[in-house]
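Asker: File query23.cif below, mmCIF, C-alpha atoms:
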```
data_target
loop_
_atom_site.label_atom_id
_atom_site.label_comp_id
_atom_site.auth_asym_id
_atom_site.auth_seq_id
_atom_site.Cartn_x
_atom_site.Cartn_y
_atom_site.Cartn_z
CA MET B 1409 54.68 52.45 70.36
CA SER B 1410 55.33 55.81 68.88
CA SER B 1411 55.39 58.82 71.15
CA ALA B 1412 53.91 61.05 68.44
CA LYS B 1413 50.40 62.39 68.96
CA ASP B 1414 47.65 61.06 66.70
CA VAL B 1415 45.66 63.52 64.61
CA THR B 1416 42.43 62.73 62.79
CA ASP B 1417 40.21 64.11 60.02
CA ASP B 1418 38.34 65.99 62.76
CA THR B 1419 41.31 67.43 64.62
CA PHE B 1420 43.54 68.15 61.61
CA ALA B 1421 42.58 71.80 61.25
CA ALA B 1422 43.08 72.61 64.93
CA GLU B 1423 46.19 70.53 65.47
CA VAL B 1424 48.01 71.12 62.19
CA LEU B 1425 46.59 73.80 59.92
CA ASN B 1426 45.89 76.43 62.58
CA SER B 1427 49.01 75.77 64.61
CA SER B 1428 51.73 78.37 64.77
CA ASP B 1429 54.38 75.64 65.05
CA THR B 1430 56.19 73.75 62.33
CA ILE B 1431 54.44 70.41 62.25
CA MET B 1432 55.32 67.25 60.38
CA VAL B 1433 52.47 64.83 59.73
CA ASP B 1434 53.44 61.18 59.34
CA PHE B 1435 50.78 59.52 57.15
CA TRP B 1436 50.87 55.82 58.04
CA ALA B 1437 48.86 52.61 58.33
CA GLU B 1438 48.90 49.49 60.44
CA TRP B 1439 49.69 47.20 57.49
CA CYS B 1440 52.65 49.27 56.25
CA GLY B 1441 55.96 47.69 57.25
CA PRO B 1442 58.16 50.63 56.21
CA CYS B 1443 55.91 52.95 58.29
CA LYS B 1444 56.69 50.91 61.39
CA ALA B 1445 60.39 50.93 60.52
CA VAL B 1446 60.55 54.71 60.20
CA SER B 1447 58.36 55.49 63.22
CA PRO B 1448 61.11 55.21 65.89
CA ILE B 1449 63.41 57.33 63.72
CA LEU B 1450 60.78 60.08 63.57
CA ASP B 1451 60.38 59.83 67.35
CA ALA B 1452 64.12 60.31 67.76
CA ILE B 1453 64.20 63.32 65.44
CA ALA B 1454 61.22 64.86 67.26
CA ALA B 1455 62.90 64.32 70.62
CA GLU B 1456 66.18 65.85 69.50
CA HIS B 1457 64.55 68.89 67.90
CA SER B 1458 61.48 69.40 70.05
CA GLU B 1459 61.84 73.20 69.97
CA LYS B 1460 61.98 73.26 66.14
CA ILE B 1461 59.44 70.76 64.93
CA ARG B 1462 56.51 68.72 66.21
CA ILE B 1463 55.69 65.37 64.67
CA VAL B 1464 52.16 63.96 64.64
CA LYS B 1465 50.71 60.83 63.04
CA LEU B 1466 47.67 60.35 60.85
CA ASN B 1467 46.32 56.85 60.24
CA VAL B 1468 45.23 56.87 56.58
CA ASP B 1469 42.74 54.00 57.03
CA ASP B 1470 40.87 55.76 59.82
CA ASN B 1471 41.15 59.21 58.27
CA PRO B 1472 40.52 58.90 54.54
CA GLN B 1473 39.52 62.56 54.08
CA MET B 1474 42.95 63.96 54.88
CA ALA B 1475 44.70 61.15 53.03
CA MET B 1476 42.63 62.01 49.95
CA LYS B 1477 42.99 65.77 50.36
CA TYR B 1478 46.76 65.51 50.44
CA GLN B 1479 46.78 62.97 47.58
CA ILE B 1480 48.61 60.29 49.48
CA THR B 1481 49.48 57.41 47.15
CA SER B 1482 52.46 56.00 48.99
CA ILE B 1483 53.28 55.64 52.65
CA PRO B 1484 55.06 56.45 54.82
CA ALA B 1485 54.53 60.02 53.59
CA MET B 1486 55.81 62.81 55.79
CA LYS B 1487 54.51 66.32 55.12
CA VAL B 1488 55.79 69.42 56.88
CA PHE B 1489 53.16 72.12 57.49
CA ARG B 1490 53.74 75.79 58.24
CA GLY B 1491 50.87 78.25 58.47
CA GLY B 1492 48.45 75.70 57.08
CA GLU B 1493 50.53 75.01 53.96
CA VAL B 1494 52.60 72.00 52.97
CA VAL B 1495 56.17 73.23 52.71
CA LYS B 1496 57.94 69.89 52.34
CA THR B 1497 57.07 66.29 51.46
CA VAL B 1498 59.26 63.28 52.12
CA ILE B 1499 58.11 59.90 50.87
CA GLY B 1500 59.38 56.50 51.94
CA ALA B 1501 61.22 55.12 54.95
CA LYS B 1502 64.78 56.41 55.07
CA PRO B 1503 67.69 56.06 57.51
CA LYS B 1504 67.95 58.80 60.14
CA PRO B 1505 70.82 60.71 58.49
CA ALA B 1506 68.93 60.82 55.18
CA LEU B 1507 65.74 62.08 56.85
CA GLU B 1508 67.69 64.68 58.80
CA ALA B 1509 69.22 65.87 55.54
CA ASP B 1510 65.76 66.12 53.91
CA LEU B 1511 64.48 68.09 56.90
CA ALA B 1512 67.64 70.14 57.48
CA GLU B 1513 65.98 73.52 56.83
CA PHE B 1514 63.45 72.85 59.61
CA LEU B 1515 65.86 71.42 62.17
CA ALA B 1516 68.61 74.04 62.02
CA MET Z 339 87.08 42.74 68.12
CA ARG Z 340 84.46 40.27 66.90
CA GLN Z 341 84.92 36.90 65.27
CA VAL Z 342 82.21 37.61 62.71
CA ILE Z 343 80.09 40.52 61.56
CA ILE Z 344 77.14 39.77 59.30
CA ILE Z 345 75.83 42.56 57.09
CA GLY Z 346 72.23 42.09 56.00
CA SER Z 347 69.03 40.86 57.62
CA GLY Z 348 67.23 38.89 54.94
CA PRO Z 349 67.05 35.09 54.87
CA ALA Z 350 70.79 34.85 54.04
CA GLY Z 351 71.94 37.15 56.85
CA TYR Z 352 69.68 35.69 59.54
CA THR Z 353 70.45 32.10 58.57
CA ALA Z 354 74.18 32.85 58.66
CA ALA Z 355 73.59 34.37 62.10
CA ILE Z 356 71.74 31.29 63.36
CA TYR Z 357 74.61 29.02 62.29
CA ALA Z 358 77.37 31.35 63.48
CA ALA Z 359 75.67 31.90 66.83
CA ARG Z 360 75.14 28.17 67.38
CA ALA Z 361 78.85 27.72 66.66
CA ASN Z 362 79.55 30.16 69.52
CA LEU Z 363 80.96 32.81 67.22
CA GLN Z 364 78.85 35.50 68.94
CA PRO Z 365 78.00 37.29 65.69
CA LEU Z 366 77.09 40.92 65.35
CA LEU Z 367 74.46 41.45 62.66
CA ILE Z 368 73.99 44.86 61.04
CA ALA Z 369 70.33 44.81 60.04
CA SER Z 370 69.85 48.27 58.40
CA SER Z 371 67.76 51.04 59.96
CA VAL Z 372 64.68 50.98 57.75
CA GLU Z 373 65.03 47.93 55.51
CA PHE Z 374 65.62 45.30 58.18
CA GLY Z 375 64.16 41.93 57.30
CA GLY Z 376 64.81 42.56 53.62
CA GLU Z 377 62.48 42.11 50.70
CA LEU Z 378 60.14 39.65 52.43
CA MET Z 379 59.02 42.47 54.73
CA LYS Z 380 57.15 43.87 51.73
CA THR Z 381 55.41 40.66 50.74
CA THR Z 382 52.23 39.11 52.05
CA GLU Z 383 51.73 35.36 51.84
CA VAL Z 384 54.85 33.23 51.23
CA GLU Z 385 53.71 29.83 49.96
CA ASN Z 386 56.98 28.21 48.95
CA TYR Z 387 59.07 28.35 52.12
CA PRO Z 388 59.30 24.74 53.35
CA GLY Z 389 57.79 23.95 56.73
CA PHE Z 390 54.73 26.18 56.34
CA PRO Z 391 52.04 24.07 54.67
CA GLU Z 392 49.47 26.85 55.07
CA GLY Z 393 51.89 29.57 53.95
CA VAL Z 394 53.39 32.26 56.14
CA MET Z 395 53.32 36.07 56.03
CA GLY Z 396 56.67 37.46 54.84
CA PRO Z 397 57.15 39.80 57.84
CA ASP Z 398 56.21 36.99 60.26
CA LEU Z 399 58.78 34.70 58.67
CA MET Z 400 61.50 37.33 59.01
CA LEU Z 401 60.59 38.08 62.62
CA ALA Z 402 60.82 34.36 63.37
CA MET Z 403 64.27 34.18 61.77
CA GLN Z 404 65.38 37.21 63.76
CA LYS Z 405 64.21 35.64 67.02
CA GLN Z 406 65.89 32.35 66.15
CA ALA Z 407 69.18 34.18 65.51
CA GLU Z 408 68.86 36.13 68.78
CA ARG Z 409 68.03 33.00 70.75
CA PHE Z 410 71.58 31.71 70.22
CA GLY Z 411 73.29 35.00 71.02
CA THR Z 412 73.29 37.05 67.84
CA GLU Z 413 73.54 40.74 68.63
CA ILE Z 414 71.55 42.88 66.18
CA VAL Z 415 72.19 46.53 65.39
CA TYR Z 416 69.52 48.47 63.49
CA ASP Z 417 71.73 50.81 61.55
CA ASP Z 418 73.27 51.12 58.10
CA VAL Z 419 76.81 50.38 57.02
CA VAL Z 420 78.34 53.46 55.43
CA SER Z 421 81.79 52.05 54.66
CA LEU Z 422 83.81 48.88 54.88
CA ASP Z 423 87.50 48.12 54.98
CA LEU Z 424 87.88 44.45 54.13
CA ALA Z 425 91.44 44.00 52.89
CA GLY Z 426 93.43 43.42 56.08
CA GLU Z 427 93.33 40.69 58.68
CA THR Z 428 91.04 42.94 60.74
CA LYS Z 429 87.88 44.03 58.92
CA THR Z 430 86.41 47.43 59.78
CA VAL Z 431 82.70 48.26 59.54
CA ARG Z 432 81.54 51.88 59.93
CA LEU Z 433 77.89 52.65 60.67
CA GLY Z 434 75.63 55.62 59.99
CA ASN Z 435 75.51 56.50 63.69
CA GLY Z 436 79.31 56.86 63.76
CA ASP Z 437 80.05 53.56 65.49
CA VAL Z 438 82.98 51.50 64.20
CA HIS Z 439 83.10 47.73 64.61
CA GLU Z 440 85.96 45.32 63.90
CA ALA Z 441 85.96 41.62 63.13
CA LEU Z 442 88.14 38.84 61.78
CA THR Z 443 85.47 37.83 59.27
CA VAL Z 444 82.64 39.55 57.46
CA ILE Z 445 79.64 37.85 55.87
CA TYR Z 446 78.20 40.18 53.26
CA ALA Z 447 74.51 39.50 52.58
CA THR Z 448 72.91 42.80 51.60
CA GLY Z 449 70.51 41.38 49.01
CA SER Z 450 69.29 43.30 46.04
CA ALA Z 451 67.63 46.61 45.22
CA TYR Z 452 64.66 47.14 42.92
CA ARG Z 453 65.57 47.90 39.34
CA LYS Z 454 64.28 51.14 37.87
CA LEU Z 455 62.91 51.75 34.41
CA GLY Z 456 65.43 54.52 33.89
CA LEU Z 457 62.91 57.10 32.64
CA ASP Z 458 63.12 60.86 33.18
CA ASP Z 459 59.97 61.25 35.23
CA GLU Z 460 60.36 58.10 37.28
CA GLU Z 461 62.12 59.69 40.23
CA ARG Z 462 59.93 62.79 40.23
CA LEU Z 463 56.69 60.78 40.33
CA SER Z 464 57.90 58.11 42.77
CA GLY Z 465 55.40 58.15 45.59
CA TYR Z 466 53.01 60.12 43.40
CA GLY Z 467 51.58 57.17 41.51
CA ILE Z 468 54.78 55.23 40.87
CA SER Z 469 55.46 52.51 43.38
CA TRP Z 470 57.78 49.56 44.00
CA CYS Z 471 55.66 48.10 46.79
CA ALA Z 472 52.13 46.86 46.13
CA THR Z 473 51.53 45.84 49.73
CA CYS Z 474 52.50 49.34 50.92
CA ASP Z 475 50.67 51.45 48.38
CA GLY Z 476 47.98 49.26 46.80
CA ALA Z 477 45.23 50.47 49.13
CA PHE Z 478 45.49 54.01 47.72
CA PHE Z 479 44.28 52.79 44.33
CA ARG Z 480 40.78 51.64 45.22
CA GLN Z 481 38.52 51.61 42.14
CA LYS Z 482 41.38 52.92 40.02
CA THR Z 483 43.01 51.71 36.83
CA ILE Z 484 46.64 50.84 37.35
CA ALA Z 485 49.43 48.81 35.76
CA VAL Z 486 52.25 46.54 36.81
CA VAL Z 487 55.40 46.45 34.71
CA GLY Z 488 57.25 43.12 34.57
CA GLY Z 489 56.86 39.43 33.81
CA GLY Z 490 58.34 37.61 36.79
CA ASP Z 491 56.91 36.14 39.96
CA SER Z 492 56.94 39.43 41.81
CA ALA Z 493 55.08 41.18 38.98
CA MET Z 494 52.38 38.48 39.01
CA GLU Z 495 52.15 38.57 42.78
CA GLU Z 496 51.77 42.36 42.77
CA ALA Z 497 49.18 42.29 39.98
CA THR Z 498 47.12 39.64 41.76
CA PHE Z 499 47.38 41.46 45.09
CA LEU Z 500 46.40 44.79 43.54
CA THR Z 501 43.10 43.39 42.22
CA ARG Z 502 41.90 43.58 45.84
CA PHE Z 503 41.78 47.34 45.42
CA ALA Z 504 41.92 48.39 41.78
CA ASP Z 505 39.11 47.98 39.25
CA LYS Z 506 41.56 47.15 36.49
CA VAL Z 507 45.16 46.01 36.54
CA TYR Z 508 47.19 45.93 33.32
CA VAL Z 509 50.36 43.90 33.21
CA ILE Z 510 52.85 45.49 30.84
CA HIS Z 511 55.53 43.09 29.64
CA ARG Z 512 58.10 43.60 26.91
CA LYS Z 513 57.96 40.00 25.71
CA ASP Z 514 55.14 37.68 24.70
CA SER Z 515 55.64 35.17 27.49
CA LEU Z 516 56.30 35.31 31.22
CA ARG Z 517 59.19 34.01 33.27
CA ALA Z 518 56.93 33.77 36.33
CA SER Z 519 56.24 30.33 37.78
CA ALA Z 520 53.30 28.35 36.41
CA ALA Z 521 51.29 28.76 39.62
CA MET Z 522 51.65 32.56 39.60
CA GLN Z 523 50.89 32.75 35.86
CA ASP Z 524 47.70 30.71 36.19
CA ARG Z 525 46.47 32.89 39.00
CA ALA Z 526 47.04 36.05 36.97
CA PHE Z 527 45.61 34.64 33.72
CA THR Z 528 42.36 33.61 35.36
CA ASP Z 529 41.84 36.91 37.19
CA PRO Z 530 39.10 38.88 35.43
CA LYS Z 531 40.55 42.22 36.56
CA ILE Z 532 43.97 41.57 35.02
CA GLU Z 533 44.68 42.29 31.37
CA PHE Z 534 48.04 41.57 29.75
CA LEU Z 535 49.68 44.00 27.36
CA TRP Z 536 52.31 41.89 25.58
CA ASN Z 537 55.41 43.15 23.80
CA LYS Z 538 55.07 46.59 25.32
CA GLU Z 539 57.67 48.76 26.97
CA VAL Z 540 56.99 51.84 29.10
CA ALA Z 541 58.62 54.70 27.19
CA HIS Z 542 57.10 57.69 29.02
CA ILE Z 543 55.37 58.42 32.28
CA TYR Z 544 52.87 61.28 32.21
CA GLY Z 545 51.63 63.45 35.04
CA ASP Z 546 52.32 66.84 36.65
CA ASN Z 547 51.80 66.09 40.34
CA LEU Z 548 50.36 62.60 40.06
CA VAL Z 549 50.71 59.88 37.44
CA THR Z 550 48.02 60.21 34.78
CA GLY Z 551 49.24 57.70 32.22
CA VAL Z 552 52.09 56.09 30.36
CA GLY Z 553 53.37 56.03 26.80
CA LEU Z 554 53.96 52.53 25.50
CA LEU Z 555 56.29 51.34 22.76
CA ASP Z 556 55.54 48.08 20.97
CA THR Z 557 58.73 46.01 21.03
CA VAL Z 558 57.76 44.12 17.85
CA ASP Z 559 56.43 46.73 15.43
CA GLY Z 560 57.66 49.93 17.09
CA THR Z 561 54.22 51.57 17.28
CA GLU Z 562 53.47 53.95 20.15
CA SER Z 563 50.33 54.19 22.21
CA THR Z 564 49.17 55.80 25.43
CA LEU Z 565 47.36 54.33 28.38
CA ASP Z 566 45.54 56.33 31.06
CA LEU Z 567 46.49 55.15 34.56
CA SER Z 568 46.46 56.37 38.14
CA GLY Z 569 49.26 54.14 39.30
CA LEU Z 570 52.27 52.30 37.94
CA PHE Z 571 53.88 49.50 39.96
CA ILE Z 572 57.36 48.60 38.79
CA ALA Z 573 58.44 44.98 39.26
CA ILE Z 574 61.13 44.41 36.65
CA GLY Z 575 63.63 42.67 38.86
CA ALA Z 576 66.44 43.64 41.16
CA ASP Z 577 70.18 44.21 41.09
CA PRO Z 578 72.66 43.02 43.72
CA ARG Z 579 73.36 45.72 46.31
CA THR Z 580 77.12 45.88 46.11
CA HIS Z 581 78.12 49.56 46.20
CA LEU Z 582 79.84 49.16 49.58
CA VAL Z 583 82.29 46.58 48.23
CA HIS Z 584 83.12 48.01 44.80
CA GLY Z 585 86.87 48.26 44.43
CA GLN Z 586 87.40 45.70 47.20
CA LEU Z 587 85.79 42.51 45.97
CA ASP Z 588 85.85 40.81 42.57
CA PHE Z 589 82.64 40.62 40.55
CA THR Z 590 81.18 38.30 37.93
CA GLU Z 591 79.94 39.40 34.50
CA HIS Z 592 76.43 39.43 36.01
CA GLY Z 593 77.40 42.06 38.57
CA THR Z 594 77.25 39.63 41.46
CA ILE Z 595 80.13 39.14 43.88
CA ALA Z 596 82.52 36.43 42.62
CA VAL Z 597 82.90 33.46 44.97
CA ASP Z 598 85.08 30.38 44.79
CA GLY Z 599 83.06 27.48 43.35
CA ARG Z 600 80.12 26.44 45.52
CA SER Z 601 81.62 28.20 48.54
CA SER Z 602 80.95 31.74 49.81
CA ARG Z 603 84.64 32.70 49.72
CA THR Z 604 85.36 36.01 47.96
CA ASN Z 605 88.77 37.07 46.66
CA LEU Z 606 89.61 38.48 50.12
CA ALA Z 607 90.55 36.14 52.96
CA GLY Z 608 87.96 36.28 55.74
CA VAL Z 609 85.28 37.88 53.58
CA PHE Z 610 82.29 35.74 52.63
CA ALA Z 611 79.23 36.61 50.57
CA ALA Z 612 75.77 35.07 50.63
CA GLY Z 613 72.29 35.39 49.16
CA ASP Z 614 71.22 37.59 46.26
CA VAL Z 615 74.60 39.36 46.08
CA ILE Z 616 76.17 36.15 44.73
CA ASP Z 617 73.15 34.70 42.93
CA PRO Z 618 72.25 35.93 39.43
CA THR Z 619 69.86 33.03 38.83
CA TYR Z 620 67.60 31.68 41.57
CA ARG Z 621 67.15 34.43 44.20
CA GLN Z 622 64.64 32.63 46.40
CA ALA Z 623 64.24 32.98 50.16
CA VAL Z 624 65.20 29.33 50.52
CA THR Z 625 68.29 29.50 48.33
CA ALA Z 626 69.37 32.66 50.17
CA ALA Z 627 68.96 30.87 53.50
CA GLY Z 628 71.05 27.95 52.19
CA SER Z 629 73.66 30.39 50.98
CA GLY Z 630 73.77 32.00 54.44
CA THR Z 631 74.43 28.57 55.92
CA VAL Z 632 77.35 28.04 53.55
CA ALA Z 633 78.83 31.43 54.50
CA ALA Z 634 78.59 30.76 58.25
CA LEU Z 635 80.25 27.34 57.86
CA ASP Z 636 82.97 28.83 55.65
CA ALA Z 637 83.61 31.60 58.19
CA GLU Z 638 83.74 29.07 61.02
CA HIS Z 639 86.22 26.94 59.06
CA TYR Z 640 88.37 30.00 58.26
CA LEU Z 641 88.43 31.11 61.91
CA ALA Z 642 89.40 27.60 63.02
CA GLY Z 643 92.41 27.80 60.71
CA LEU Z 644 93.71 31.11 62.03
CA PRO Z 645 96.81 31.16 64.28
CA LYS Z 646 95.94 31.20 67.99
CA HIS Z 647 97.45 34.64 68.61
CA VAL Z 648 95.18 36.13 65.88
CA LEU Z 649 92.03 34.38 67.02
CA SER Z 650 92.64 35.30 70.64
CA LYS Z 651 92.14 38.97 69.77
CA ALA Z 652 88.51 38.21 68.99
CA LEU Z 653 87.62 35.74 71.70
CA THR Z 654 86.22 38.30 74.07
CA VAL Z 655 83.35 40.22 72.59
CA PRO Z 656 83.51 43.92 73.41
CA ALA Z 657 80.35 45.33 74.92
CA GLU Z 658 80.84 48.56 72.98
CA PRO Z 659 82.01 49.44 69.46
CA VAL Z 660 85.75 50.10 69.15
CA ALA Z 661 84.90 53.68 68.34
CA ALA Z 662 81.67 55.52 68.82
CA SER Z 663 80.20 58.81 67.73
CA VAL Z 664 80.23 61.59 70.29
#
```
Is it possible to express this structure as structure tokens?

Answerer:
Amino acid sequence: MSSAKDVTDDTFAAEVLNSSDTIMVDFWAEWCGPCKAVSPILDAIAAEHSEKIRIVKLNVDDNPQMAMKYQITSIPAMKVFRGGEVVKTVIGAKPKPALEADLAEFLA
Amino acid sequence: MRQVIIIGSGPAGYTAAIYAARANLQPLLIASSVEFGGELMKTTEVENYPGFPEGVMGPDLMLAMQKQAERFGTEIVYDDVVSLDLAGETKTVRLGNGDVHEALTVIYATGSAYRKLGLDDEERLSGYGISWCATCDGAFFRQKTIAVVGGGDSAMEEATFLTRFADKVYVIHRKDSLRASAAMQDRAFTDPKIEFLWNKEVAHIYGDNLVTGVGLLDTVDGTESTLDLSGLFIAIGADPRTHLVHGQLDFTEHGTIAVDGRSSRTNLAGVFAAGDVIDPTYRQAVTAAGSGTVAALDAEHYLAGLPKHVLSKALTVPAEPVAASV
């Protein structure tokens, strides 16, 4: 099980958009194999950089409004939010070093 | 040092591990960090793997193979190989996490990677309407019009699967007949949501932030046309994943690793190859599993022929890698 907190259509504004932290939302679904593969890697990155970035999960089946709003057409999709805006999108399961490279500006 | 390291966790890698482990070779299997289980992890129902009269889900089949390999003592590492040194008597395997492992033999079974169309906007729109995985992304195209490119079994499987979600699924194929199996063809032909566009090649992909359509080129008369789409699923085949062994192993004209006759022996002593990386023709889960068997038996035979003082270096399995990241 992932250690990341779940966010929903209802809590998205409070948890993500209005947060003063840098937050990465992992858009995922139960039936998505690559999502399950990347989940422990995201947990590890979150644990190693807990002061820089917070990672939360949004189940796209249960929360279609946010999935539609952010035009998700492929998962896993990881979107980094700052001040309510998407500042980075990473799509697809990748090995830890590749994800860390994609997210380098937020982890440094 | 190990007796054998297996690289790859598809049917070839896991079957090699089952055989090697049962032969008491205590294999280490490098499974990859995000693609473990291989291509079958992205499929749904597998109907042609013997022993499953009702079919089996691809991920369930791979989990069963993994458990079977572990049952006999295979150790599995979920990381990626970043480099290999295969030439000497001792083979060196370096991982993404910095760990270094050594072995007397390596079984290379890394499978294949999806082929790309090679178009300018393909990379940019990947994940924004372009997909290589219908089971992952199909659900985002409910009531949409989409297309699958390709004419093989995987293209037919994707097209048929995608009709669960999409209103309309075009199949774009550059020839006027399919190489897919008869069973898959029949299923696609009789599906009212699927329409075939024969002798057409995707020449352009349109869309600023999301795919909006494609430009098609007729392969017979050269005429161009456009087709409005929300999604494009690419299933035009796969190429052997061999970048780690370029410059070390010999290759065939097909780009697969060259092996000696029906064996798995490469040009380097102690290095064996199995599955899609040596197979330009069949590329089935079952043939890959058979190929993994061959590689494990070849490795076992090779180890049995090594001088005692060489083999003795690998008879005790180290609990830790020979070198680790700090």

Asker: Residues of chain Z no more than 7 Å from chain B, counting all atoms listed in the file: send them over as JSON, numbers by chain.

Answerer: {"Z": [371, 372, 379, 380, 465, 466, 467, 474, 475, 478]}

Asker: Residues at most 8 Å from Ile1461 in chain B, counting all atoms listed in the file, excluding those fewer than 6 positions away in the same chain, as a list in words?

Answerer: Asp1429, Thr1430, Ile1431, Met1432, Ala1454, Phe1514 and Leu1515 of chain B

Asker: Between CA of Tyr352 in chain Z and CA of Leu653 in chain Z, what is the spacing in Å?

Answerer: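 CA of Tyr352 in chain Z lies 21.7 Å from CA of Leu653 in chain Z.
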
Asker: Pick out the residues sitting within 9 Å of Gly490 in chain Z, and hand them over as a list of chain:residue names; count only C-alpha atoms, and ignore anything fewer than 6 positions along from it in its own chain.

Answerer: Z:Leu516, Z:Arg517, Z:Ala518, Z:Ser519, Z:Met522, Z:Gln523, Z:Ala573, Z:Ile574, Z:Gly575

Asker: Show me, as a list in words, the residues that have an atom within 12 Å of Glu1513 in chain B when counting all atoms listed in the file, minus same-chain residues fewer than 3 positions from it.

Answerer: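 Here the qualifying residues turn out to be Thr1430, Lys1460, Ile1461, Val1488, Val1495, Lys1496, Leu1507, Glu1508, Ala1509, Asp1510 and Ala1516 of chain B.
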
Asker: What does the distance from CA of Leu367 in chain Z to CA of Ile414 in chain Z come to in Å, to one decimal?

Answerer: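 CA of Leu367 in chain Z sits 4.8 Å away from CA of Ile414 in chain Z.
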